[in-house]
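This is upload_10.csv (CSV, C-alpha atoms).
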```csv
chain,number,residue,atom,x,y,z
A,1,MET,CA,395.1,-189.5,49.3
A,2,SER,CA,395.3,-186.2,51.0
A,3,ASP,CA,392.4,-185.2,53.3
A,4,LYS,CA,392.6,-181.7,51.8
A,5,PRO,CA,392.0,-182.3,48.1
A,6,TYR,CA,391.2,-178.7,47.0
A,7,VAL,CA,394.0,-176.4,46.1
A,8,ALA,CA,394.0,-172.7,45.2
A,9,ARG,CA,396.7,-170.1,44.5
A,10,SER,CA,397.2,-167.7,47.3
A,11,THR,CA,396.5,-164.0,46.8
A,12,MET,CA,399.7,-163.2,48.6
A,13,ILE,CA,401.9,-164.0,45.6
A,14,ALA,CA,403.2,-162.5,42.4
A,15,ALA,CA,403.5,-165.0,39.5
A,16,ARG,CA,404.4,-165.0,35.8
A,17,VAL,CA,404.6,-167.8,33.2
A,18,LEU,CA,407.8,-167.8,31.2
A,19,GLY,CA,407.9,-170.5,28.5
A,20,ASP,CA,407.1,-173.8,30.2
A,21,GLU,CA,408.0,-172.5,33.6
A,22,THR,CA,406.3,-170.3,36.2
A,23,MET,CA,408.0,-168.0,38.6
A,24,VAL,CA,406.2,-167.4,41.8
A,25,MET,CA,407.2,-165.0,44.5
A,26,SER,CA,405.8,-164.9,48.0
A,27,ALA,CA,404.5,-161.4,48.9
A,28,THR,CA,405.2,-162.1,52.6
A,29,ASN,CA,408.9,-162.9,52.5
A,30,SER,CA,409.9,-162.3,48.8
A,31,THR,CA,411.0,-166.0,48.5
A,32,LEU,CA,411.2,-166.9,44.8
A,33,PHE,CA,410.2,-170.3,43.3
A,34,THR,CA,410.5,-171.6,39.8
A,35,LEU,CA,407.9,-174.2,38.9
A,36,ASP,CA,408.8,-176.7,36.1
A,37,GLU,CA,406.5,-177.7,33.3
A,38,VAL,CA,404.4,-180.2,35.2
A,39,ALA,CA,404.3,-178.1,38.4
A,40,THR,CA,403.1,-175.2,36.2
A,41,VAL,CA,400.2,-177.4,34.9
A,42,ILE,CA,399.1,-178.1,38.5
A,43,TRP,CA,399.6,-174.4,39.5
A,44,GLU,CA,397.5,-173.1,36.7
A,45,SER,CA,394.8,-175.7,37.4
A,46,ALA,CA,394.6,-174.9,41.1
A,47,ASP,CA,391.3,-173.1,40.9
A,48,GLY,CA,390.0,-174.0,44.3
A,49,VAL,CA,387.1,-176.1,43.0
A,50,THR,CA,388.7,-178.9,41.0
A,51,PRO,CA,390.1,-181.6,43.4
A,52,LEU,CA,393.8,-182.3,43.1
A,53,GLU,CA,393.2,-185.9,41.9
A,54,GLU,CA,391.0,-184.7,39.1
A,55,ILE,CA,393.6,-182.1,38.1
A,56,VAL,CA,396.3,-184.9,38.0
A,57,LYS,CA,394.0,-187.2,36.0
A,58,GLN,CA,392.9,-184.6,33.5
A,59,LYS,CA,396.0,-182.4,33.1
A,60,VAL,CA,399.0,-184.5,34.1
A,61,CYS,CA,398.2,-188.1,33.3
A,62,ALA,CA,396.5,-187.2,30.1
A,63,GLN,CA,399.4,-185.2,28.9
A,64,TYR,CA,402.4,-187.1,30.3
A,65,ASP,CA,402.9,-190.8,30.3
A,66,VAL,CA,402.8,-191.4,34.1
A,67,PRO,CA,400.6,-193.7,36.3
A,68,LEU,CA,398.0,-191.9,38.4
A,69,GLU,CA,399.3,-193.2,41.7
A,70,VAL,CA,402.8,-191.9,41.0
A,71,ALA,CA,401.7,-188.5,39.6
A,72,LEU,CA,399.2,-188.0,42.5
A,73,LYS,CA,401.9,-188.7,45.1
A,74,ASP,CA,404.3,-186.2,43.4
A,75,ALA,CA,401.5,-183.7,43.1
A,76,GLU,CA,400.6,-184.0,46.8
A,77,ALA,CA,404.2,-183.5,47.8
A,78,LEU,CA,404.4,-180.4,45.5
A,79,VAL,CA,401.2,-178.7,46.8
A,80,GLU,CA,402.2,-179.4,50.4
A,81,GLN,CA,405.6,-177.8,49.8
A,82,LEU,CA,404.0,-174.7,48.1
A,83,ALA,CA,401.3,-174.5,50.8
A,84,GLY,CA,404.1,-174.6,53.4
A,85,HIS,CA,405.5,-171.4,51.9
A,86,GLY,CA,402.0,-169.8,51.7
A,87,LEU,CA,401.8,-169.9,47.9
A,88,LEU,CA,398.9,-172.4,47.7
A,89,LEU,CA,395.8,-172.8,49.9
A,90,LEU,CA,394.7,-176.4,50.8
A,91,SER,CA,391.3,-177.3,52.0
A,92,ASP,CA,388.9,-180.2,52.5
A,93,ARG,CA,386.2,-178.2,50.7
A,94,PRO,CA,386.1,-175.9,47.7
A,95,ILE,CA,387.9,-172.6,48.2
A,96,PRO,CA,386.0,-169.4,47.4
A,97,GLN,CA,387.4,-167.3,44.5
A,98,SER,CA,387.9,-164.3,46.8
A,99,SER,CA,390.6,-166.3,48.7
A,100,ALA,CA,392.4,-167.4,45.6
A,101,SER,CA,394.6,-165.6,43.1
A,102,PRO,CA,393.4,-165.5,39.4
A,103,LYS,CA,395.3,-167.5,36.9
A,104,VAL,CA,398.3,-165.5,35.6
A,105,ASN,CA,399.0,-164.7,32.0
A,106,PRO,CA,402.4,-165.1,30.3
B,1,MET,CA,403.3,-111.8,84.3
B,2,PRO,CA,405.6,-112.5,81.5
B,3,GLY,CA,405.1,-115.8,79.7
B,4,VAL,CA,407.8,-118.3,79.1
B,5,MET,CA,408.8,-117.9,75.6
B,6,THR,CA,410.7,-120.7,73.7
B,7,ALA,CA,412.0,-120.7,70.2
B,8,THR,CA,413.2,-123.7,68.3
B,9,SER,CA,414.9,-123.5,65.0
B,10,ARG,CA,414.7,-126.2,62.4
B,11,SER,CA,417.4,-127.0,59.9
B,12,SER,CA,416.7,-128.6,56.6
B,13,VAL,CA,418.4,-130.2,53.7
B,14,ILE,CA,416.9,-131.5,50.4
B,15,VAL,CA,418.4,-134.7,49.1
B,16,GLU,CA,417.5,-135.4,45.5
B,17,ILE,CA,418.2,-138.9,44.2
B,18,GLY,CA,416.7,-140.1,40.9
B,19,GLY,CA,414.9,-136.8,40.4
B,20,LEU,CA,413.0,-137.2,43.6
B,21,PRO,CA,413.8,-134.4,46.1
B,22,ILE,CA,413.2,-135.3,49.7
B,23,ALA,CA,413.4,-132.6,52.4
B,24,LEU,CA,414.9,-133.7,55.7
B,25,HIS,CA,414.1,-131.5,58.7
B,26,CYS,CA,415.7,-131.7,62.1
B,27,ASP,CA,416.1,-129.5,65.2
B,28,ASN,CA,419.7,-130.5,65.4
B,29,ALA,CA,421.6,-128.2,63.0
B,30,ALA,CA,424.8,-130.2,63.4
B,31,PHE,CA,423.1,-133.4,62.2
B,32,ILE,CA,421.7,-131.6,59.1
B,33,ARG,CA,425.3,-130.3,58.4
B,34,LEU,CA,426.4,-133.9,58.7
B,35,LEU,CA,423.8,-135.0,56.2
B,36,THR,CA,424.7,-132.2,53.9
B,37,GLU,CA,428.3,-133.5,53.8
B,38,ARG,CA,427.2,-137.1,53.6
B,39,TYR,CA,424.9,-136.5,50.6
B,40,ALA,CA,427.3,-134.0,48.9
B,41,GLY,CA,426.5,-134.1,45.1
B,42,TYR,CA,422.8,-134.9,45.8
B,43,VAL,CA,421.9,-131.8,47.8
B,44,ALA,CA,419.3,-129.9,45.8
B,45,ASP,CA,419.3,-126.1,45.6
B,46,SER,CA,415.6,-125.8,45.2
B,47,GLU,CA,413.2,-124.9,48.0
B,48,GLN,CA,410.5,-127.4,46.9
B,49,ALA,CA,410.6,-131.1,47.8
B,50,ALA,CA,408.3,-133.9,46.7
B,51,PHE,CA,408.4,-135.4,50.3
B,52,ASP,CA,409.1,-133.9,53.7
B,53,PHE,CA,410.5,-135.9,56.6
B,54,ASP,CA,410.9,-134.7,60.1
B,55,ILE,CA,413.8,-136.4,61.9
B,56,GLU,CA,413.8,-136.8,65.7
B,57,LEU,CA,417.1,-137.8,67.1
B,58,ALA,CA,416.7,-140.4,69.9
B,59,PRO,CA,419.2,-140.4,72.7
B,60,GLN,CA,421.8,-143.1,72.4
B,61,GLY,CA,420.6,-146.3,73.9
B,62,THR,CA,416.9,-145.5,73.6
B,63,VAL,CA,416.6,-147.2,70.2
B,64,SER,CA,417.6,-150.8,70.2
B,65,GLY,CA,420.0,-152.0,67.6
B,66,ASP,CA,419.1,-155.6,67.1
B,67,GLU,CA,415.6,-155.7,65.7
B,68,ASP,CA,415.1,-157.0,62.1
B,69,LEU,CA,413.7,-154.7,59.5
B,70,THR,CA,410.0,-154.7,58.9
B,71,VAL,CA,408.2,-152.6,56.3
B,72,ASN,CA,404.4,-152.7,56.3
B,73,TRP,CA,401.5,-150.7,54.8
B,74,ASN,CA,399.0,-149.7,57.5
B,75,SER,CA,396.1,-147.2,57.4
B,76,GLY,CA,397.5,-145.2,54.5
B,77,ARG,CA,401.1,-145.1,55.8
B,78,TRP,CA,404.2,-147.1,55.2
B,79,LEU,CA,405.7,-148.1,58.6
B,80,MET,CA,409.4,-148.9,58.5
B,81,GLU,CA,411.1,-150.2,61.6
B,82,ARG,CA,414.5,-151.6,62.4
B,83,GLY,CA,416.5,-151.7,65.6
B,84,ASP,CA,418.1,-148.4,64.9
B,85,PHE,CA,415.1,-146.5,63.5
B,86,HIS,CA,411.4,-146.1,63.5
B,87,ALA,CA,410.0,-144.3,60.5
B,88,GLU,CA,406.7,-143.8,58.7
B,89,PHE,CA,405.4,-141.8,55.7
B,90,SER,CA,402.2,-141.2,54.0
B,91,PRO,CA,402.3,-141.0,50.1
B,92,ALA,CA,399.0,-139.1,50.2
B,93,THR,CA,400.3,-136.2,52.3
B,94,ALA,CA,403.9,-136.6,51.1
B,95,ARG,CA,405.0,-136.3,54.7
B,96,GLY,CA,406.8,-138.6,57.1
B,97,ARG,CA,408.8,-138.8,60.2
B,98,ILE,CA,411.9,-140.7,61.4
B,99,LYS,CA,413.1,-141.4,64.9
B,100,GLN,CA,416.7,-142.6,64.8
B,101,THR,CA,420.0,-142.3,66.5
B,102,ILE,CA,422.5,-139.8,65.2
B,103,ASN,CA,424.1,-142.4,63.0
B,104,PRO,CA,423.6,-141.1,59.4
B,105,PHE,CA,423.6,-144.7,58.1
B,106,SER,CA,420.3,-145.3,59.7
B,107,LEU,CA,418.9,-142.5,57.5
B,108,ASP,CA,420.6,-144.1,54.5
B,109,SER,CA,418.6,-147.2,55.1
B,110,VAL,CA,415.4,-145.2,55.4
B,111,LEU,CA,416.1,-143.4,52.2
B,112,ARG,CA,416.8,-146.7,50.4
B,113,ILE,CA,413.4,-148.1,51.5
B,114,VAL,CA,411.5,-144.9,50.7
B,115,HIS,CA,413.0,-144.8,47.2
B,116,THR,CA,412.2,-148.5,46.7
B,117,LEU,CA,408.6,-147.9,47.7
B,118,LEU,CA,408.2,-144.8,45.5
B,119,LEU,CA,410.1,-146.2,42.6
B,120,ALA,CA,407.8,-149.3,42.4
B,121,ARG,CA,404.9,-147.0,41.3
B,122,LYS,CA,407.0,-145.7,38.5
B,123,GLY,CA,408.1,-149.2,37.3
B,124,GLY,CA,411.6,-148.9,38.7
B,125,PHE,CA,413.5,-150.7,41.4
B,126,LEU,CA,416.7,-150.8,43.4
B,127,VAL,CA,419.0,-153.8,42.8
B,128,HIS,CA,422.1,-155.1,44.5
B,129,ALA,CA,424.6,-154.1,41.8
B,130,SER,CA,427.5,-151.7,41.2
B,131,SER,CA,427.0,-149.6,38.1
B,132,ALA,CA,429.0,-147.3,35.9
B,133,ILE,CA,428.7,-145.2,32.8
B,134,ARG,CA,431.0,-145.8,29.9
B,135,ASN,CA,430.7,-144.2,26.5
B,136,GLY,CA,427.3,-142.8,27.4
B,137,ARG,CA,425.8,-146.1,28.4
B,138,ALA,CA,425.3,-147.7,31.8
B,139,PHE,CA,426.5,-151.2,32.9
B,140,LEU,CA,425.3,-152.9,36.0
B,141,PHE,CA,427.3,-155.6,37.8
B,142,SER,CA,425.0,-157.6,40.0
B,143,GLY,CA,425.4,-160.4,42.5
B,144,VAL,CA,425.3,-161.5,46.0
B,145,SER,CA,427.7,-160.3,48.6
B,146,GLY,CA,431.2,-161.4,47.6
B,147,ALA,CA,430.4,-161.8,43.9
B,148,GLY,CA,432.5,-158.9,42.9
B,149,LYS,CA,430.3,-155.8,42.8
B,150,THR,CA,432.8,-153.6,44.6
B,151,THR,CA,435.7,-155.2,42.8
B,152,MET,CA,434.3,-154.2,39.4
B,153,ALA,CA,433.8,-150.7,40.7
B,154,ARG,CA,437.3,-150.6,42.1
B,155,LEU,CA,438.8,-151.8,38.8
B,156,ALA,CA,436.8,-149.4,36.6
B,157,PRO,CA,439.1,-147.4,34.3
B,158,PRO,CA,439.3,-143.6,34.3
B,159,ASP,CA,436.9,-143.2,31.4
B,160,THR,CA,434.0,-144.5,33.5
B,161,ALA,CA,431.7,-142.7,35.9
B,162,LEU,CA,430.8,-144.7,38.9
B,163,LEU,CA,427.1,-144.6,39.8
B,164,SER,CA,427.3,-146.9,42.8
B,165,ASP,CA,429.4,-149.7,44.1
B,166,GLU,CA,426.5,-151.4,46.0
B,167,ILE,CA,422.9,-150.4,45.2
B,168,SER,CA,421.9,-149.4,41.6
B,169,TYR,CA,418.9,-147.3,40.9
B,170,VAL,CA,416.9,-148.3,37.9
B,171,ILE,CA,414.0,-146.3,36.3
B,172,PRO,CA,412.1,-146.7,33.1
B,173,GLN,CA,412.9,-144.1,30.5
B,174,ASP,CA,412.0,-143.7,26.8
B,175,GLY,CA,410.9,-147.4,26.4
B,176,GLY,CA,414.0,-148.7,28.0
B,177,TYR,CA,415.6,-148.3,31.4
B,178,CYS,CA,418.3,-146.0,32.8
B,179,ALA,CA,420.6,-146.2,35.7
B,180,VAL,CA,420.9,-143.3,38.1
B,181,GLY,CA,423.7,-142.4,40.4
B,182,THR,CA,423.1,-142.8,44.1
B,183,PRO,CA,425.0,-141.8,47.3
B,184,PHE,CA,424.4,-145.3,48.6
B,185,PHE,CA,427.8,-147.0,48.8
B,186,GLY,CA,429.3,-150.2,50.0
B,187,GLU,CA,432.8,-151.3,50.8
B,188,LEU,CA,434.3,-148.7,48.5
B,189,ALA,CA,432.9,-145.9,50.7
B,190,ARG,CA,432.6,-143.6,47.7
B,191,VAL,CA,429.4,-141.7,46.7
B,192,GLY,CA,428.3,-142.4,43.2
B,193,GLU,CA,428.3,-139.6,40.6
B,194,ASN,CA,425.0,-137.8,40.2
B,195,LEU,CA,424.5,-138.9,36.6
B,196,ARG,CA,422.2,-141.1,34.6
B,197,ALA,CA,422.4,-143.1,31.3
B,198,PRO,CA,420.5,-145.8,29.4
B,199,ILE,CA,421.3,-149.3,30.6
B,200,GLU,CA,423.2,-151.3,28.0
B,201,CYS,CA,423.5,-154.6,29.9
B,202,VAL,CA,423.3,-156.2,33.3
B,203,TYR,CA,426.1,-158.6,34.2
B,204,LEU,CA,425.6,-161.3,36.8
B,205,LEU,CA,429.0,-161.7,38.4
B,206,ALA,CA,431.0,-164.8,39.1
B,207,LYS,CA,434.7,-165.0,39.7
B,208,GLY,CA,436.5,-167.6,37.6
B,209,PRO,CA,439.8,-168.6,35.9
B,210,GLU,CA,439.2,-166.5,32.8
B,211,ASN,CA,437.2,-163.5,31.6
B,212,LYS,CA,434.1,-164.5,29.6
B,213,ILE,CA,430.6,-163.3,28.9
B,214,GLU,CA,427.8,-165.7,28.4
B,215,PRO,CA,424.2,-164.9,27.4
B,216,MET,CA,421.4,-165.6,29.9
B,217,ALA,CA,417.8,-165.9,28.7
B,218,GLY,CA,414.3,-166.6,29.8
B,219,ALA,CA,413.7,-167.9,33.3
B,220,GLU,CA,417.3,-168.1,34.2
B,221,ALA,CA,417.9,-164.4,33.5
B,222,VAL,CA,414.7,-163.2,35.3
B,223,HIS,CA,415.4,-165.5,38.3
B,224,ALA,CA,419.0,-164.2,38.6
B,225,LEU,CA,417.8,-160.6,38.4
B,226,LEU,CA,414.9,-161.1,40.9
B,227,GLU,CA,417.3,-162.6,43.4
B,228,ASN,CA,419.2,-159.3,43.5
B,229,VAL,CA,416.3,-156.9,43.4
B,230,LEU,CA,415.5,-155.2,46.7
B,231,PHE,CA,412.1,-156.2,48.2
B,232,PHE,CA,411.6,-154.5,51.5
B,233,ALA,CA,407.9,-154.5,52.0
B,234,ARG,CA,405.6,-157.4,53.0
B,235,ASP,CA,402.8,-156.1,50.8
B,236,PRO,CA,401.3,-158.0,47.9
B,237,GLU,CA,400.6,-154.9,45.8
B,238,PHE,CA,404.2,-153.7,46.2
B,239,VAL,CA,405.7,-157.1,45.6
B,240,LYS,CA,403.7,-157.5,42.4
B,241,LEU,CA,404.7,-154.1,41.1
B,242,VAL,CA,408.4,-154.8,41.6
B,243,PHE,CA,408.1,-158.4,40.3
B,244,ASP,CA,406.4,-157.1,37.1
B,245,ALA,CA,409.0,-154.4,36.7
B,246,ALA,CA,411.8,-156.9,36.9
B,247,PHE,CA,410.1,-159.1,34.2
B,248,ASP,CA,409.6,-156.0,32.0
B,249,PHE,CA,413.2,-155.0,32.5
B,250,ALA,CA,414.4,-158.5,31.6
B,251,GLY,CA,412.4,-158.3,28.4
B,252,ARG,CA,414.1,-155.1,27.3
B,253,VAL,CA,417.7,-155.1,28.7
B,254,PRO,CA,420.2,-157.9,28.0
B,255,ILE,CA,421.2,-159.9,31.1
B,256,ARG,CA,424.5,-161.8,30.8
B,257,ARG,CA,426.8,-163.8,33.1
B,258,LEU,CA,430.2,-162.3,33.5
B,259,THR,CA,432.8,-164.6,34.8
B,260,PHE,CA,436.0,-162.7,35.6
B,261,VAL,CA,439.5,-162.7,37.0
B,262,PRO,CA,439.6,-159.8,39.4
B,263,ASP,CA,442.0,-157.6,37.6
B,264,ALA,CA,441.6,-154.5,35.3
B,265,ARG,CA,441.6,-156.6,32.1
B,266,VAL,CA,437.9,-157.5,32.7
B,267,TRP,CA,436.9,-154.0,31.7
B,268,GLU,CA,438.2,-154.7,28.2
B,269,LEU,CA,435.1,-156.7,27.7
B,270,ILE,CA,432.8,-153.9,28.9
B,271,GLN,CA,432.3,-151.6,26.0
```

Translate this file's structure into structure tokens.
Amino acid sequence: MSDKPYVARSTMIAARVLGDETMVMSATNSTLFTLDEVATVIWESADGVTPLEEIVKQKVCAQYDVPLEVALKDAEALVEQLAGHGLLLLSDRPIPQSSASPKVNP
Amino acid sequence: MPGVMTATSRSSVIVEIGGLPIALHCDNAAFIRLLTERYAGYVADSEQAAFDFDIELAPQGTVSGDEDLTVNWNSGRWLMERGDFHAEFSPATARGRIKQTINPFSLDSVLRIVHTLLLARKGGFLVHASSAIRNGRAFLFSGVSGAGKTTMARLAPPDTALLSDEISYVIPQDGGYCAVGTPFFGELARVGENLRAPIECVYLLAKGPENKIEPMAGAEAVHALLENVLFFARDPEFVKLVFDAAFDFAGRVPIRRLTFVPDARVWELIQ
């Protein structure tokens, strides 16, 4: 389990949902990412106040037939990758709304 | 005692691309003449410009040629710096200045950036694509370096008007988008014609064993387009504007994959 369980979308991005996928562009280096359906679920739930494990339990395991341990491990790898590109913020405590990007609409 | 009197004369040229006249002023009349030739077809007759830039020519060797480009918004100004130029402009005052060597291609780069930044506010963008008008409609051929942008421009039949072989200028118009000619050229070294037309289609280029067109939809189409749109500025608001414009564009203009054999027959598909 990560020691930084809170995740929030960075404000330094542009994002759009297109079908089941989400496109996210870094505003600092214009790098473009496409998130698949499950990654989109996590992205949209990254509100800064819901711990990642809770997001995985409520949004991933409830919707997709996958054990919590497996889904959580994958989710942690995903958020670390996105955080490494500055798209997500990770913290050991809830992240204020002013630091996070609002949820994007399709 | 008589004073020491000096007089300097300033030469100017107005370069109008995409309906945006930009005045370029410089103390060096020979440089302005060089620009007048370089931007032939885009030199405006009017006295009025939307933006004014003062150009200071730096002596050779005083501007380093190996710094990467940075474009940043700072205290109400866009700052644009690369090894061969330092430039800034204020949208509020519509004035800017450029320090560069006498190489006109440095100014070319500054103008591309300035137009990209100003176009974003109008919902437009610049994209790595050659473009041409045929039968009153514009076609864009986009792709990374080596994909065939210049090849498509070179193979264009006589009934086409080339807008650019390298950078296409896209602006919203009448609920759709139109492509506008630019003087920004690539390998073909030919200034585009100063014309505009509604965009019929964007083709993402790939060379292959036969000519064929395949539809692209949804995320694939937008992703392919965004990979070729010019993003210069490290600024969240600017990136969001251009990002949103690309999505809107992809919802209004067909994006297709064009696999082609590099000979003139490919243009039989472009109607």

Selected residue, from B:Thr182, B:Ser145, B:Ser11, B:Gln173, that lies nearest to B:Leu126 when counting only C-alpha atoms: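 Of B:Thr182, B:Ser145, B:Ser11, B:Gln173, the one nearest B:Leu126, counting only C-alpha atoms, is B:Thr182.
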
Pick from B:Pro236, B:Pro254, B:Gly181, B:Gly136 nearest to B:Glu16, counting all atoms listed in the file: B:Gly181

Within-10 Å shell of (426.8, -155.1, 27.2) in input frame, only C-alpha atoms, as a ChimeraX atom specification: /B:137-140,199-203,213,253-256,269-271

Nearby residues (only C-alpha atoms) at most 10 Å from B:Phe185, same-chain spacing under 5 positions excluded, as a PyMOL selection string: chain B and resi 108+130+150+163-168+190-192

Residues at most 8 Å from stretch 56-69 of chain A, counting all atoms listed in the file, excluding those fewer than 5 positions away in the same chain, as a JSON list (two decimals) with C-alpha atoms, in the frame of the given file?
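Below is the file part.json, written as the result:
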```json
[["chain", "number", "residue", "atom", "x", "y", "z"],
["A", 38, "VAL", "CA", 404.40, -180.20, 35.20],
["A", 41, "VAL", "CA", 400.20, -177.40, 34.90],
["A", 42, "ILE", "CA", 399.10, -178.10, 38.50],
["A", 75, "ALA", "CA", 401.50, -183.70, 43.10]]
```

Check: which chain A residues lie within 7 Å of chain B using only C-alpha atoms, as a VMD selection string: chain A and resid 12 to 14 18 27 to 30

Nearest to B:Ala87 by atom-to-atom distance, counting all atoms listed in the file, from B:Glu37, B:Asp54, B:Asp45, B:Asp27: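 So, comparing all the options, the nearest one is B:Asp54.
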
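Closest approach to A:Tyr6 among A:Asp74, A:Glu80, A:Asp20, A:Asp47 is made by A:Asp47 (distances from all atoms listed in the file).
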
Atomic distance atom CA of B:Arg33 - atom CA of B:Ala94, expressed in Å with one decimal: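 Computing the Euclidean distance for atom CA of B:Arg33 and atom CA of B:Ala94 yields 23.5 Å.
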
Interatomic distance, atom CA of B:Thr101 to atom CA of B:Gln60 (Å, one decimal): 6.2 Å

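Compared by their closest atoms to A:Val79, and using all atoms listed in the file, the residues A:Thr50, A:Glu37, A:Trp43, A:Asp92 rank with A:Trp43 nearest.
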
Separation of atom CA of B:Ala147 from atom CA of A:Leu35 in Å: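 About the pair atom CA of A:Leu35 and atom CA of B:Ala147: they are 26.2 Å apart.
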
Sphere at (417.1, -142.5, 47.1), radius 6 Å, counting all atoms listed in the file: residues as number ranges by chain: B: 17, 111-112, 115

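Nearest to A:Val7 of all the residues A:Leu32, A:Ala46, A:Ile55, A:Leu78 is A:Ala46, counting all atoms listed in the file.
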